[in-house]
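Since the structure comes first, as structure tokens, the remarks are kept for the end.
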Amino acid sequence: MSNFYIRFMDELCKDGVVENFNEQDTTVIAISKVLPLIASKELTKRQNECLTLHYTYGMTQREIADRLNLSQPTVAKHLNSGRKILSKFLSYCLFSVNQANEQWLKYF
């Protein structure tokens with residue numbers, strides 16, 4: 001799993017969106033498959049660029065702003081709106097994964 005997804009999942013855990021993050025979990029495997037799809041289909045190009053630079057390369061908002069020739073507040077806006085979109089879609093996915101996991105556990 002790429003650094004982007006691990007760092008984003010860690011942040012979701014801190015925000016309370018995901019509970020009991022464990023890299024071995026089927027939940028993480030499922031999210032790692034769907035997160036790139038959500039990012040490519042639901043985020044704007046700028047949101048995706050800002051999130052990628054921040055989570056993959058660890059760049060600060062100021063560094064991203066300089067690189068993309070944007071203001072720091074604009075970068076902050078792209079990061080916040082992108083995180084909200086990803087969190088919303090991931091919450092739906094997590095609900096489905098948790099429901100499926102509960103059903104599987106009934107058989108074991």
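How things are named: the first chain in the structure tokens is A, the next is B, and so on; residues count from 1 in each chain; ligands count from 1 in the order shown.
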When you look at Leu37 of chain A with a cut-off of 12 Å (counting only C-alpha atoms), what residues show up, excluding the ones that are within fewer than 5 positions of it in the same chain? I need them as a ChimeraX atom specification.
/A:30-32,42-43,48,86,89-90,93
In Å, with one decimal, what is the gap from atom CA of Arg62 of chain A to atom CA of Cys50 of chain A?
11.0 Å
Show which residues sit within 10 Å of Leu94 of chain A, as a PyMOL selection string. Count only C-alpha atoms, and ignore same-chain residues fewer than 5 positions away.
chain A and resi 17-18+27-28+30-31+87+89+99-100
With only C-alpha atoms as the counted atoms, please give the residues lying no more than 12 Å from Thr52 of chain A, apart from itself and same-chain residues fewer than 5 positions off, as a PDB file with N, CA and C atoms, in the first residue's frame.
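Result file selection32.pdb:
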ATOM      1  N   SER A   2       0.580   2.227  -0.804  1.00  0.00           N
ATOM      2  CA  SER A   2       1.457   3.380  -0.908  1.00  0.00           C
ATOM      3  C   SER A   2       1.398   4.252   0.344  1.00  0.00           C
ATOM      4  N   ASN A   3       2.416   5.055   0.489  1.00  0.00           N
ATOM      5  CA  ASN A   3       2.533   5.972   1.616  1.00  0.00           C
ATOM      6  C   ASN A   3       1.318   6.900   1.704  1.00  0.00           C
ATOM      7  N   PHE A   4       0.801   7.337   0.564  1.00  0.00           N
ATOM      8  CA  PHE A   4      -0.373   8.220   0.526  1.00  0.00           C
ATOM      9  C   PHE A   4      -1.527   7.603   1.309  1.00  0.00           C
ATOM     10  N   TYR A   5      -1.843   6.367   1.018  1.00  0.00           N
ATOM     11  CA  TYR A   5      -3.001   5.724   1.623  1.00  0.00           C
ATOM     12  C   TYR A   5      -2.788   5.436   3.102  1.00  0.00           C
ATOM     13  N   ARG A   7      -0.819   7.135   5.178  1.00  0.00           N
ATOM     14  CA  ARG A   7      -0.888   8.414   5.900  1.00  0.00           C
ATOM     15  C   ARG A   7      -2.315   8.942   5.947  1.00  0.00           C
ATOM     16  N   PHE A   8      -3.068   8.796   4.859  1.00  0.00           N
ATOM     17  CA  PHE A   8      -4.455   9.261   4.862  1.00  0.00           C
ATOM     18  C   PHE A   8      -5.289   8.439   5.831  1.00  0.00           C
ATOM     19  N   PRO A  36      -8.017   4.873  -4.435  1.00  0.00           N
ATOM     20  CA  PRO A  36      -7.536   5.465  -5.693  1.00  0.00           C
ATOM     21  C   PRO A  36      -8.671   5.726  -6.684  1.00  0.00           C
ATOM     22  N   ALA A  39     -10.493   8.824  -5.494  1.00  0.00           N
ATOM     23  CA  ALA A  39      -9.666  10.007  -5.743  1.00  0.00           C
ATOM     24  C   ALA A  39      -9.697  10.403  -7.219  1.00  0.00           C
ATOM     25  N   SER A  40      -9.613   9.427  -8.095  1.00  0.00           N
ATOM     26  CA  SER A  40      -9.569   9.744  -9.530  1.00  0.00           C
ATOM     27  C   SER A  40     -10.920  10.166 -10.089  1.00  0.00           C
ATOM     28  N   LEU A  43     -12.470  13.646  -7.026  1.00  0.00           N
ATOM     29  CA  LEU A  43     -11.714  14.846  -6.687  1.00  0.00           C
ATOM     30  C   LEU A  43     -11.390  15.653  -7.928  1.00  0.00           C
ATOM     31  N   LYS A  45      -8.760  17.954 -10.150  1.00  0.00           N
ATOM     32  CA  LYS A  45      -7.329  17.777 -10.412  1.00  0.00           C
ATOM     33  C   LYS A  45      -6.499  18.434  -9.309  1.00  0.00           C
ATOM     34  N   ARG A  46      -6.875  19.639  -8.898  1.00  0.00           N
ATOM     35  CA  ARG A  46      -6.123  20.358  -7.865  1.00  0.00           C
ATOM     36  C   ARG A  46      -6.221  19.668  -6.504  1.00  0.00           C
ATOM     37  N   GLN A  47      -7.399  19.193  -6.150  1.00  0.00           N
ATOM     38  CA  GLN A  47      -7.538  18.472  -4.881  1.00  0.00           C
ATOM     39  C   GLN A  47      -6.637  17.253  -4.877  1.00  0.00           C
ATOM     40  N   TYR A  57       4.354  12.861  -0.517  1.00  0.00           N
ATOM     41  CA  TYR A  57       5.673  13.468  -0.419  1.00  0.00           C
ATOM     42  C   TYR A  57       5.882  14.266   0.866  1.00  0.00           C
ATOM     43  N   GLY A  58       4.860  14.338   1.701  1.00  0.00           N
ATOM     44  CA  GLY A  58       4.988  15.009   2.990  1.00  0.00           C
ATOM     45  C   GLY A  58       5.206  16.513   2.896  1.00  0.00           C
ATOM     46  N   MET A  59       4.779  17.106   1.794  1.00  0.00           N
ATOM     47  CA  MET A  59       4.986  18.539   1.610  1.00  0.00           C
ATOM     48  C   MET A  59       4.019  19.346   2.478  1.00  0.00           C
ATOM     49  N   THR A  60       4.485  20.484   2.943  1.00  0.00           N
ATOM     50  CA  THR A  60       3.637  21.390   3.715  1.00  0.00           C
ATOM     51  C   THR A  60       2.748  22.188   2.756  1.00  0.00           C
ATOM     52  N   GLN A  61       1.769  22.850   3.316  1.00  0.00           N
ATOM     53  CA  GLN A  61       0.894  23.683   2.488  1.00  0.00           C
ATOM     54  C   GLN A  61       1.697  24.762   1.756  1.00  0.00           C
ATOM     55  N   ILE A  64       3.584  23.174  -1.139  1.00  0.00           N
ATOM     56  CA  ILE A  64       2.646  22.854  -2.227  1.00  0.00           C
ATOM     57  C   ILE A  64       2.251  24.129  -2.960  1.00  0.00           C
ATOM     58  N   VAL A  75      -4.393  26.280  -1.187  1.00  0.00           N
ATOM     59  CA  VAL A  75      -3.950  24.893  -0.962  1.00  0.00           C
ATOM     60  C   VAL A  75      -4.717  24.301   0.220  1.00  0.00           C
ATOM     61  N   HIS A  78      -8.128  23.325  -0.892  1.00  0.00           N
ATOM     62  CA  HIS A  78      -8.114  22.086  -1.696  1.00  0.00           C
ATOM     63  C   HIS A  78      -7.900  20.859  -0.817  1.00  0.00           C
ATOM     64  N   LEU A  79      -6.992  20.953   0.145  1.00  0.00           N
ATOM     65  CA  LEU A  79      -6.752  19.823   1.047  1.00  0.00           C
ATOM     66  C   LEU A  79      -7.992  19.512   1.875  1.00  0.00           C
ATOM     67  N   GLY A  82     -10.869  18.161  -0.378  1.00  0.00           N
ATOM     68  CA  GLY A  82     -10.524  16.817  -0.840  1.00  0.00           C
ATOM     69  C   GLY A  82     -10.666  15.780   0.259  1.00  0.00           C
ATOM     70  N   ARG A  83     -10.206  16.128   1.468  1.00  0.00           N
ATOM     71  CA  ARG A  83     -10.349  15.202   2.604  1.00  0.00           C
ATOM     72  C   ARG A  83     -11.814  14.952   2.921  1.00  0.00           C
TER      73      ARG A  83
END
May I ask for the distance between atom CA of Glu102 of chain A and atom CA of Lys88 of chain A, given in Å to one decimal place?
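About the pair atom CA of Glu102 of chain A and atom CA of Lys88 of chain A: they are 21.5 Å apart.
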Given only C-alpha atoms as the basis, pick out the residue of A:Glu63, A:Leu68, A:Asn101, A:Val34 nearest to Glu49 of chain A.
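Once distances to Glu49 of chain A are computed over only C-alpha atoms, the minimum belongs to A:Leu68.
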Would you list, as a ChimeraX atom specification, the residues of segment 7-105 of chain A that end up in helix (DSSP H, G or I) under DSSP run on this structure's backbone?
/A:7-14,26-42,45-57,61-68,72-105
Best match for closeness to Tyr92 of chain A among A:Asn80, A:His54, A:Ile38, A:Asp10, counting only C-alpha atoms:
A:Ile38
